[in-house]
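This report refers to the structure that appears directly beneath it.
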Amino acid sequence: MDFKGKKLEDIIVTLPFEDGTSMDCGVYSYFEVNNKNYFALLPLMGEKQLDFSQSYMLYEVEEDEENNPIVIYIEDDTEYAVAAQYFSKQVLKK
């Protein structure tokens with residue numbers, strides 16, 4: 001699966017946290033709900049291996065001028081619930 005011409009397995013997202021730490025994640029899937037795009041992320045083990053023992057993290061995704069993904073924290077609880085429901089019923093069931 002691709003995101004705007006980039007292979008999902010080649011995309012690494014570094015999530016910064018408020019305490020100054022960060023976590024590298026890989027993209028498990030890319031999906032669209034209500035005209036918004038989302039990534040389901042998982043922490044990485046090693047360089048590119050997804051850690052399936054961890055929980056999925058959902059983020060909205062847009063792209064910059066160079067078609068690179070920009071992940072955006074979903075602040076709205078209702079939006080997150082809709083994305084999570086779609087993810088669990090449509091993406092994980094495939």
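Residues in the structure tokens are named by chain (A, B, ... in the order shown) and by number from 1 within that chain; ligands are numbered from 1 in the order shown.
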
A:Tyr73: which residues within 9 Å, counting only C-alpha atoms, same-chain residues fewer than 6 positions away excluded, as a PyMOL selection string?
chain A and resi 58-61

Residues as selected, N, CA and C atoms, written as a PDB file, in the first residue's frame, can you do that?
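Produced file part.pdb, reproduced below:
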```
ATOM      1  N   LEU A  58      -3.741   6.200  16.264  1.00  0.00           N
ATOM      2  CA  LEU A  58      -4.342   6.816  15.086  1.00  0.00           C
ATOM      3  C   LEU A  58      -4.032   8.311  15.051  1.00  0.00           C
ATOM      4  N   TYR A  59      -3.636   8.774  13.877  1.00  0.00           N
ATOM      5  CA  TYR A  59      -3.340  10.185  13.665  1.00  0.00           C
ATOM      6  C   TYR A  59      -3.900  10.600  12.322  1.00  0.00           C
ATOM      7  N   GLU A  60      -4.372  11.842  12.253  1.00  0.00           N
ATOM      8  CA  GLU A  60      -4.738  12.396  10.965  1.00  0.00           C
ATOM      9  C   GLU A  60      -3.442  12.644  10.195  1.00  0.00           C
ATOM     10  N   VAL A  61      -3.514  12.531   8.890  1.00  0.00           N
ATOM     11  CA  VAL A  61      -2.318  12.769   8.078  1.00  0.00           C
ATOM     12  C   VAL A  61      -2.662  13.679   6.909  1.00  0.00           C
TER      13      VAL A  61
END
```

Set the distance at 12 Å and use only C-alpha atoms: which residues neighbour A:Gln90 once local chain neighbours fewer than 3 positions away are removed? I'd like the list as a ChimeraX atom specification.
/A:29-33,82-87,93-94

Tell me, as a VMD selection string, which residues lie within 10 Å of A:Glu9, counting only C-alpha atoms; anything in the same chain fewer than 3 positions away does not count.
chain A and resid 1 to 2 6 12 26 to 29 48 to 50

Those of stretch 14-71 of chain A in DSSP strand (DSSP E), formatted as a ChimeraX atom specification:
/A:14-16,22-33,36-45,49-50,57-63,69-71

Give me the residues within 12 Å of A:Glu47 as a PyMOL selection string, counting only C-alpha atoms and dropping any in the same chain fewer than 4 places off.
chain A and resi 9-13+24-26+43+51

DSSP says helix (DSSP H, G or I) for which residues of chain A? Put them as a ChimeraX atom specification?
/A:8-10,77-91

Keeping only C-alpha atoms, write those residues as a PDB file, in the first residue's frame.
```pdb
ATOM      1  CA  LEU A   8       4.009   2.709   3.764  1.00  0.00           C
ATOM      2  CA  GLU A   9       6.762   0.401   4.985  1.00  0.00           C
ATOM      3  CA  ASP A  10       9.335   3.114   4.139  1.00  0.00           C
ATOM      4  CA  ASP A  77     -12.911  12.895  20.791  1.00  0.00           C
ATOM      5  CA  THR A  78     -15.779  12.357  18.350  1.00  0.00           C
ATOM      6  CA  GLU A  79     -13.471  12.463  15.336  1.00  0.00           C
ATOM      7  CA  TYR A  80     -11.111  10.005  17.023  1.00  0.00           C
ATOM      8  CA  ALA A  81     -14.014   7.662  17.859  1.00  0.00           C
ATOM      9  CA  VAL A  82     -15.235   7.698  14.243  1.00  0.00           C
ATOM     10  CA  ALA A  83     -11.725   6.986  12.910  1.00  0.00           C
ATOM     11  CA  ALA A  84     -11.159   4.245  15.501  1.00  0.00           C
ATOM     12  CA  GLN A  85     -14.467   2.569  14.722  1.00  0.00           C
ATOM     13  CA  TYR A  86     -13.736   2.605  10.987  1.00  0.00           C
ATOM     14  CA  PHE A  87     -10.225   1.270  11.606  1.00  0.00           C
ATOM     15  CA  SER A  88     -11.394  -1.606  13.784  1.00  0.00           C
ATOM     16  CA  LYS A  89     -14.326  -2.607  11.557  1.00  0.00           C
ATOM     17  CA  GLN A  90     -12.932  -1.962   8.054  1.00  0.00           C
ATOM     18  CA  VAL A  91      -9.143  -2.053   8.198  1.00  0.00           C
TER      19      VAL A  91
END
```
